[in-house]
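Chemist: To be precise about what I am sending: the file is called work.cif and holds mmCIF, C-alpha atoms and all ligand atoms.
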data_structure
#
loop_
_atom_site.label_atom_id
_atom_site.label_comp_id
_atom_site.auth_asym_id
_atom_site.auth_seq_id
_atom_site.Cartn_x
_atom_site.Cartn_y
_atom_site.Cartn_z
CA MET A 503 -118.01 89.73 65.82
CA GLY A 504 -115.51 92.57 66.24
CA SER A 505 -116.75 96.14 66.01
CA LEU A 506 -114.57 96.79 62.91
CA GLU A 507 -115.54 93.61 61.05
CA GLY A 508 -115.44 94.19 57.28
CA ARG A 509 -113.46 97.44 57.52
CA ARG A 510 -110.16 97.96 55.73
CA ALA A 511 -107.46 100.02 57.41
CA LEU A 512 -104.06 101.46 56.49
CA VAL A 513 -101.76 102.33 59.40
CA THR A 514 -98.63 104.26 58.43
CA GLY A 515 -95.47 103.60 60.43
CA ALA A 516 -96.90 100.38 61.84
CA SER A 517 -93.67 98.38 62.06
CA ARG A 518 -93.20 99.28 65.73
CA GLY A 519 -94.33 101.39 68.66
CA ILE A 520 -97.74 103.01 68.59
CA GLY A 521 -98.44 102.16 64.94
CA ARG A 522 -97.77 98.50 65.63
CA ALA A 523 -100.20 98.52 68.58
CA VAL A 524 -102.81 100.31 66.46
CA ALA A 525 -102.49 97.72 63.67
CA LEU A 526 -102.82 94.84 66.17
CA ARG A 527 -105.83 96.45 67.87
CA LEU A 528 -107.72 97.29 64.66
CA ALA A 529 -107.11 93.71 63.49
CA ALA A 530 -108.26 92.29 66.84
CA ASP A 531 -111.45 94.33 66.40
CA GLY A 532 -112.01 92.70 63.01
CA ALA A 533 -110.45 95.06 60.44
CA ALA A 534 -108.19 93.91 57.62
CA VAL A 535 -105.01 95.92 58.05
CA ALA A 536 -102.24 97.25 55.78
CA VAL A 537 -99.08 97.61 57.86
CA ASN A 538 -96.92 100.37 56.34
CA TYR A 539 -93.22 100.66 57.15
CA HIS A 540 -90.28 102.63 55.82
CA THR A 541 -87.11 100.78 56.85
CA GLY A 542 -88.38 98.08 59.24
CA GLU A 543 -89.36 95.37 56.76
CA ALA A 544 -88.71 92.47 59.16
CA GLU A 545 -90.55 94.19 62.01
CA ALA A 546 -93.55 94.87 59.75
CA ALA A 547 -93.54 91.22 58.66
CA GLU A 548 -93.65 90.24 62.34
CA VAL A 549 -96.72 92.46 62.87
CA VAL A 550 -98.43 90.85 59.87
CA ALA A 551 -97.54 87.38 61.18
CA ALA A 552 -98.98 88.22 64.60
CA ILE A 553 -102.25 89.33 62.99
CA THR A 554 -102.61 86.44 60.56
CA GLY A 555 -101.52 83.98 63.28
CA ALA A 556 -104.47 85.18 65.36
CA GLY A 557 -106.82 84.58 62.41
CA GLY A 558 -106.86 88.14 61.09
CA THR A 559 -106.04 89.66 57.71
CA ALA A 560 -102.98 91.82 57.14
CA VAL A 561 -100.44 92.82 54.51
CA SER A 562 -97.22 94.76 54.87
CA ILE A 563 -96.47 97.65 52.53
CA GLY A 564 -93.10 99.39 52.32
CA GLY A 565 -93.22 103.07 51.43
CA ASP A 566 -91.90 106.47 52.45
CA VAL A 567 -94.94 108.61 53.28
CA SER A 568 -92.93 111.84 53.02
CA ASP A 569 -92.47 111.25 49.30
CA ALA A 570 -95.46 112.01 47.04
CA ALA A 571 -94.96 108.92 44.89
CA GLY A 572 -94.28 106.74 47.96
CA ALA A 573 -97.40 107.92 49.77
CA ALA A 574 -99.63 107.50 46.71
CA ALA A 575 -98.23 104.02 46.03
CA THR A 576 -98.68 102.99 49.68
CA VAL A 577 -102.35 104.01 49.67
CA ALA A 578 -103.00 102.48 46.24
CA THR A 579 -101.34 99.20 47.22
CA ALA A 580 -103.33 99.04 50.46
CA GLN A 581 -106.57 99.66 48.57
CA GLU A 582 -105.74 97.00 46.01
CA ALA A 583 -104.63 94.42 48.58
CA LEU A 584 -107.60 94.94 50.91
CA GLY A 585 -110.25 95.64 48.25
CA GLY A 586 -110.84 99.24 49.41
CA LEU A 587 -110.06 101.57 52.26
CA ASP A 588 -112.28 102.64 55.18
CA ILE A 589 -109.75 103.76 57.80
CA LEU A 590 -106.50 105.71 57.43
CA VAL A 591 -104.28 106.20 60.47
CA ASN A 592 -101.54 108.76 59.78
CA ASN A 593 -99.13 107.59 62.45
CA ALA A 594 -95.67 107.66 60.84
CA GLY A 595 -93.43 110.09 62.66
CA ILE A 596 -89.83 110.97 63.44
CA THR A 597 -87.98 113.34 65.75
CA ARG A 598 -84.74 115.27 65.09
CA ASP A 599 -84.42 117.27 68.31
CA ASN A 600 -82.29 120.35 68.79
CA LEU A 601 -82.64 123.86 70.20
CA VAL A 602 -83.79 126.30 67.52
CA LEU A 603 -80.41 128.03 67.32
CA ARG A 604 -78.76 124.71 66.51
CA LEU A 605 -81.58 123.22 64.46
CA SER A 606 -80.51 122.61 60.88
CA GLU A 607 -82.74 123.30 57.92
CA GLU A 608 -82.33 119.65 56.99
CA ASP A 609 -83.70 118.47 60.35
CA TRP A 610 -86.52 120.98 60.15
CA ASP A 611 -87.51 119.71 56.69
CA ALA A 612 -87.16 116.02 57.56
CA VAL A 613 -89.52 116.26 60.54
CA LEU A 614 -92.07 118.41 58.71
CA ASP A 615 -91.91 116.12 55.69
CA VAL A 616 -92.69 112.90 57.54
CA ASN A 617 -95.01 114.11 60.32
CA LEU A 618 -97.01 116.73 58.43
CA LYS A 619 -96.55 116.41 54.68
CA GLY A 620 -96.79 112.62 54.94
CA ALA A 621 -100.23 112.92 56.53
CA PHE A 622 -101.33 115.39 53.84
CA LEU A 623 -100.12 113.14 51.03
CA CYS A 624 -101.73 109.97 52.43
CA THR A 625 -104.96 111.82 53.23
CA LYS A 626 -105.18 113.20 49.69
CA ALA A 627 -104.70 109.74 48.20
CA ALA A 628 -107.11 108.02 50.60
CA LEU A 629 -109.86 110.59 50.23
CA ARG A 630 -110.70 109.64 46.65
CA PRO A 631 -112.04 106.15 47.45
CA MET A 632 -113.60 107.41 50.71
CA LEU A 633 -115.44 110.23 48.92
CA ARG A 634 -116.71 107.75 46.35
CA GLN A 635 -118.03 105.36 48.98
CA ARG A 636 -119.31 108.30 51.10
CA SER A 637 -117.74 106.99 54.28
CA GLY A 638 -114.37 106.87 55.94
CA ARG A 639 -112.33 107.54 59.02
CA ILE A 640 -109.05 109.44 59.12
CA ILE A 641 -107.09 109.57 62.36
CA ASN A 642 -103.94 111.68 62.68
CA MET A 643 -101.29 111.08 65.34
CA THR A 644 -100.38 114.45 66.81
CA SER A 645 -98.79 115.02 70.23
CA VAL A 646 -99.32 116.80 73.52
CA VAL A 647 -96.40 119.09 72.54
CA ALA A 648 -98.53 120.59 69.73
CA GLY A 649 -100.36 122.53 72.42
CA THR A 650 -97.59 123.12 74.93
CA GLY A 651 -94.41 123.43 72.87
CA ASN A 652 -91.28 121.63 74.06
CA PRO A 653 -87.73 122.97 74.22
CA GLY A 654 -85.62 121.18 71.61
CA GLN A 655 -88.61 120.19 69.51
CA ALA A 656 -89.52 123.27 67.46
CA ASN A 657 -89.67 121.21 64.27
CA TYR A 658 -91.69 118.39 65.86
CA ALA A 659 -94.11 120.66 67.76
CA ALA A 660 -94.66 122.76 64.63
CA ALA A 661 -95.39 119.64 62.59
CA LYS A 662 -97.78 118.27 65.22
CA ALA A 663 -99.57 121.63 65.60
CA GLY A 664 -99.83 121.79 61.81
CA LEU A 665 -101.40 118.36 61.88
CA ILE A 666 -104.19 119.70 64.08
CA GLY A 667 -104.90 122.46 61.55
CA LEU A 668 -104.92 119.85 58.80
CA THR A 669 -107.28 117.64 60.84
CA LYS A 670 -109.81 120.42 61.44
CA THR A 671 -109.72 121.68 57.86
CA VAL A 672 -110.12 118.29 56.21
CA ALA A 673 -112.86 117.46 58.74
CA ARG A 674 -114.81 120.48 57.50
CA GLU A 675 -114.11 119.74 53.83
CA VAL A 676 -115.38 116.14 53.88
CA ALA A 677 -118.00 116.05 56.65
CA SER A 678 -120.87 116.19 54.15
CA ARG A 679 -119.57 112.95 52.60
CA GLY A 680 -119.75 110.90 55.78
CA ILE A 681 -116.01 111.02 56.47
CA THR A 682 -114.72 111.94 59.92
CA VAL A 683 -111.23 113.28 60.60
CA ASN A 684 -109.84 113.39 64.12
CA ALA A 685 -106.50 113.58 65.87
CA VAL A 686 -105.09 111.66 68.82
CA ALA A 687 -102.57 113.48 71.01
CA PRO A 688 -100.46 111.07 73.05
CA GLY A 689 -98.41 112.30 75.97
CA PHE A 690 -95.35 110.22 76.89
CA ILE A 691 -95.78 106.70 75.60
CA SER A 692 -93.19 103.96 76.20
CA THR A 693 -91.76 103.43 72.70
CA ARG A 694 -88.35 103.76 71.08
CA MET A 695 -89.08 107.47 70.56
CA VAL A 696 -89.41 108.10 74.32
CA GLU A 697 -86.63 105.68 75.27
CA ALA A 698 -84.32 108.15 73.51
CA ILE A 699 -84.66 110.72 76.35
CA THR A 700 -82.31 110.64 79.35
CA GLU A 701 -83.09 108.98 82.69
CA GLU A 702 -83.14 112.42 84.34
CA GLN A 703 -85.65 113.77 81.78
CA ARG A 704 -87.82 110.69 82.31
CA GLY A 705 -87.95 111.35 86.05
CA LEU A 706 -88.92 114.98 85.51
CA VAL A 707 -91.66 114.08 83.04
CA LEU A 708 -93.11 111.37 85.27
CA GLY A 709 -93.50 113.90 88.07
CA ARG A 710 -95.76 115.99 85.81
CA ILE A 711 -98.14 113.19 84.80
CA PRO A 712 -101.24 113.14 87.08
CA LEU A 713 -101.83 109.42 86.45
CA ALA A 714 -98.17 108.87 87.45
CA ARG A 715 -97.12 106.50 84.67
CA PHE A 716 -96.00 106.60 81.09
CA GLY A 717 -98.66 105.52 78.63
CA THR A 718 -98.51 102.30 76.64
CA PRO A 719 -98.93 101.96 72.88
CA GLU A 720 -102.09 99.99 73.72
CA ASP A 721 -103.55 103.02 75.57
CA VAL A 722 -103.24 105.00 72.34
CA ALA A 723 -104.47 102.14 70.15
CA ALA A 724 -107.69 101.89 72.18
CA CYS A 725 -108.42 105.55 71.45
CA VAL A 726 -107.75 105.08 67.73
CA ALA A 727 -110.02 102.02 67.64
CA PHE A 728 -112.80 104.04 69.26
CA LEU A 729 -112.45 106.88 66.72
CA ALA A 730 -112.38 104.34 63.88
CA GLY A 731 -115.58 102.66 64.99
CA ASP A 732 -119.31 103.35 64.72
CA ASP A 733 -119.55 104.69 68.29
CA ALA A 734 -117.53 107.74 67.19
CA GLY A 735 -119.75 108.51 64.19
CA TYR A 736 -120.74 111.96 65.49
CA ILE A 737 -117.21 113.05 66.38
CA THR A 738 -115.15 114.98 63.85
CA GLY A 739 -112.42 117.63 63.87
CA GLN A 740 -111.46 116.78 67.45
CA VAL A 741 -108.18 116.23 69.23
CA LEU A 742 -108.33 113.53 71.89
CA GLY A 743 -105.52 113.56 74.44
CA VAL A 744 -104.15 110.23 75.66
CA ASP A 745 -101.65 111.60 78.13
CA GLY A 746 -102.47 110.58 81.70
CA GLY A 747 -103.56 114.16 82.36
CA LEU A 748 -100.23 115.71 81.35
CA SER A 749 -101.94 118.45 79.35
CA LEU A 750 -104.29 119.46 82.19
P1 LIG A 801 -91.44 104.93 66.72
O1 LIG A 801 -91.43 103.80 67.65
O2 LIG A 801 -90.18 105.68 66.46
O3 LIG A 801 -92.06 104.42 65.32
C1 LIG A 801 -92.15 105.30 64.23
C2 LIG A 801 -92.78 104.59 63.06
O4 LIG A 801 -92.85 105.53 61.97
C3 LIG A 801 -91.95 103.41 62.58
O5 LIG A 801 -92.83 102.37 62.25
C4 LIG A 801 -91.27 103.96 61.33
O6 LIG A 801 -91.06 102.97 60.34
C5 LIG A 801 -92.32 104.91 60.81
N1 LIG A 801 -91.76 105.89 59.89
C6 LIG A 801 -90.77 106.79 60.10
N2 LIG A 801 -90.54 107.49 58.98
C7 LIG A 801 -91.38 107.02 58.04
C8 LIG A 801 -91.62 107.33 56.68
N3 LIG A 801 -90.93 108.30 56.05
N4 LIG A 801 -92.56 106.62 56.01
C9 LIG A 801 -93.26 105.65 56.62
N5 LIG A 801 -93.09 105.30 57.91
C10 LIG A 801 -92.16 105.98 58.60
O7 LIG A 801 -92.47 106.05 67.14
P2 LIG A 801 -93.77 105.99 68.10
O8 LIG A 801 -93.36 106.46 69.43
O9 LIG A 801 -94.49 104.71 67.95
O10 LIG A 801 -94.62 107.18 67.45
C11 LIG A 801 -95.68 106.96 66.54
C12 LIG A 801 -96.41 108.26 66.32
O11 LIG A 801 -96.90 108.75 67.58
C13 LIG A 801 -95.53 109.36 65.75
O12 LIG A 801 -96.27 110.17 64.86
C14 LIG A 801 -95.14 110.17 66.97
O13 LIG A 801 -94.80 111.48 66.65
C15 LIG A 801 -96.43 110.07 67.79
N6 LIG A 801 -96.24 110.31 69.22
C16 LIG A 801 -95.48 109.49 69.99
C17 LIG A 801 -95.35 109.76 71.35
C18 LIG A 801 -94.56 108.89 72.26
O14 LIG A 801 -94.49 109.22 73.45
N7 LIG A 801 -93.96 107.80 71.81
C19 LIG A 801 -96.00 110.86 71.90
C20 LIG A 801 -96.77 111.67 71.08
C21 LIG A 801 -96.90 111.39 69.75
P3 LIG A 801 -89.63 102.22 60.07
O15 LIG A 801 -89.10 101.81 61.39
O16 LIG A 801 -90.04 101.10 59.20
O17 LIG A 801 -88.73 103.19 59.38
#
Please go through the file and, once you have read it, give me the structure as structure tokens.
Modeler:
Amino acid sequence: MGSLEGRRALVTGASRGIGRAVALRLAADGAAVAVNYHTGEAEAAEVVAAITGAGGTAVSIGGDVSDAAGAAATVATAQEALGGLDILVNNAGITRDNLVLRLSEEDWDAVLDVNLKGAFLCTKAALRPMLRQRSGRIINMTSVVAGTGNPGQANYAAAKAGLIGLTKTVAREVASRGITVNAVAPGFISTRMVEAITEEQRGLVLGRIPLARFGTPEDVAACVAFLAGDDAGYITGQVLGVDGGLSL
């Protein structure tokens, strides 16, 4: 029996990349999973098919987490489809990189809206059932750049640093109800997001990673699965780096 048998999980932004790997891993560990997507309907359907094909339970749910109604509907639909909610993984994220002087207000807002406000909105909606059942796990996907900053990513680093403040505050607010809230901070993980950087930048980054490789979505998913499980029951308000030592 998997360690998450009987648990019900919602993973936002699970149509590809890290979210996809998290959905597959939680399902492999026994959880029933709601696979949220925004634009990638076909990709989300493929994730659901992979899970159900392996004997697991999954549903796909379209919804924009940066929109209050979209986030609330996504959480409510997941709850309804799975019969409750035990695990929320706030993974949905975007980048709109530019140096501060050239960064538009629109790109600032878009990144803050998805990466930070989206997590707030989904957390708020998911907390009600979790508070009622006096248990739950919330895991927020931050980034190594929250702690280091990164030229060209003021909006993204600000959103990811804000996510850490959100994580610690909600952890304190709901600890007495048996709910833990933690953050995972990936370094450079091979996904579409990282493929967007130039070959030269990739070489420079690789030289700074002590474990001398980019991470895989599965590396991050393993950390999320740990935080979602019973073995992490005494861990809350923490930020766990999955970065090959980049942040050392
Ligand atoms: P990715 O491959 O670009 O995937 C992003 C996911 O977010 C997609 O499934 C996308 O869905 C979804 N998404 C975007 N906007 C959304 C919205 N408004 N509502 C719902 N879903 C939305 O990115 P990734 O590399 O896997 O990153 C996943 C998370 O890890 C992000 O929070 C990112 O900031 C964080 N992270 C990544 C790295 C890295 O090296 N890759 C490092 C540190 C942190 P659709 O395609 O359906 O629109």
Chemist: For Arg518 of chain A, which of A:Ala677, A:Ile553, A:Met695, A:Leu713 is the closest residue, counting all atoms listed in the file?
Modeler: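 Counting all atoms listed in the file, the residue closest to Arg518 of chain A is A:Met695.
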Chemist: Return as a PyMOL selection string every polymer residue, whether protein, DNA or RNA, with at least one atom no more than 7 Å from an atom of ligand LIG 801 (chain A); count only C-alpha atoms and all ligand atoms.
Modeler: chain A and resi 514-521+538-543+565-568+593-596+616-617+643-646+687-696
Chemist: For Ala511 of chain A, which residue out of A:Gly743, A:Gly731, A:Gly572, A:Gly649 is the nearest one, using all atoms listed in the file?
Modeler: A:Gly731
Chemist: Just to confirm, what's the straight-line distance from atom CA of Val577 of chain A to atom CA of Ala529 of chain A in Å (one decimal)?
Modeler: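 Pair atom CA of Val577 of chain A / atom CA of Ala529 of chain A returns 17.9 Å.
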Chemist: To one decimal in Å, tell me the separation between atom CA of Glu702 of chain A and atom CA of Arg604 of chain A.
Modeler: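 Atom-to-atom, atom CA of Glu702 of chain A and atom CA of Arg604 of chain A are spaced 22.1 Å apart.
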Chemist: Residues proximal to (-105.7, 111.8, 49.5) were defined as those with any atom within 12 Å of that point in the file's coordinates, counting all atoms listed in the file. Which are they, as a VMD selection string?
Modeler: chain A and resid 567 570 573 to 578 587 590 592 619 to 633 638 640 672 676
Chemist: Figure out the distance between atom CA of Asn684 of chain A and atom CA of Asn600 of chain A, please, to one decimal in Å.
Modeler: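 Taking atom CA of Asn600 of chain A as the start and atom CA of Asn684 of chain A as the end point, the length is 28.8 Å.
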Chemist: Which residues are close to segment 734-742 of chain A, i.e. within 12 Å by only C-alpha atoms, leaving aside same-chain residues fewer than 3 positions away? Reply as number ranges by chain.
Modeler: A: 505, 637-646, 648-649, 662-663, 665-678, 680-689, 722, 724-731, 745-747, 749
Chemist: Using only C-alpha atoms, which residue out of A:Leu614, A:Ala661, A:Ile563, A:Ala656 lies closest to Val549 of chain A?
Modeler: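 So, comparing all the options, the nearest one is A:Ile563.
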Chemist: Looking at all atoms listed in the file, which of A:Ala525, A:Ala530, A:Ala547, A:Leu512 is the one that sits closest to Glu582 of chain A?
Modeler: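 Checking each candidate against Glu582 of chain A, we get A:Leu512 as the closest.
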Chemist: Measuring between only C-alpha atoms, which one of A:Glu607, A:Gly532, A:Leu526, A:Pro653 shows the shortest distance to Ala552 of chain A?
Modeler: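 Selected residue with least distance to Ala552 of chain A: A:Leu526.
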Chemist: Can you pull out the residues contacting Arg598 of chain A? Cut-off 9 Å, using only C-alpha atoms, and skip same-chain residues under 6 positions away; I want them as number ranges by chain.
Modeler: A: 605, 609-610, 612-613, 654-655, 657-658
Chemist: Choose the residue, out of A:Ala698, A:Gly564, A:Gly557, A:Thr579, that has the smallest atom-to-atom separation from Glu545 of chain A; count all atoms listed in the file.
Modeler: A:Gly564
Chemist: Draw an axis-aligned box over all listed atoms of segment 622-628 of chain A, pad each side with 5 Å, and write its centre and edge lengths in Å, one decimal, as JSON.
Modeler:
{"center_x": -103.6, "center_y": 111.7, "center_z": 51.0, "size_x": 17.0, "size_y": 17.4, "size_z": 15.6}
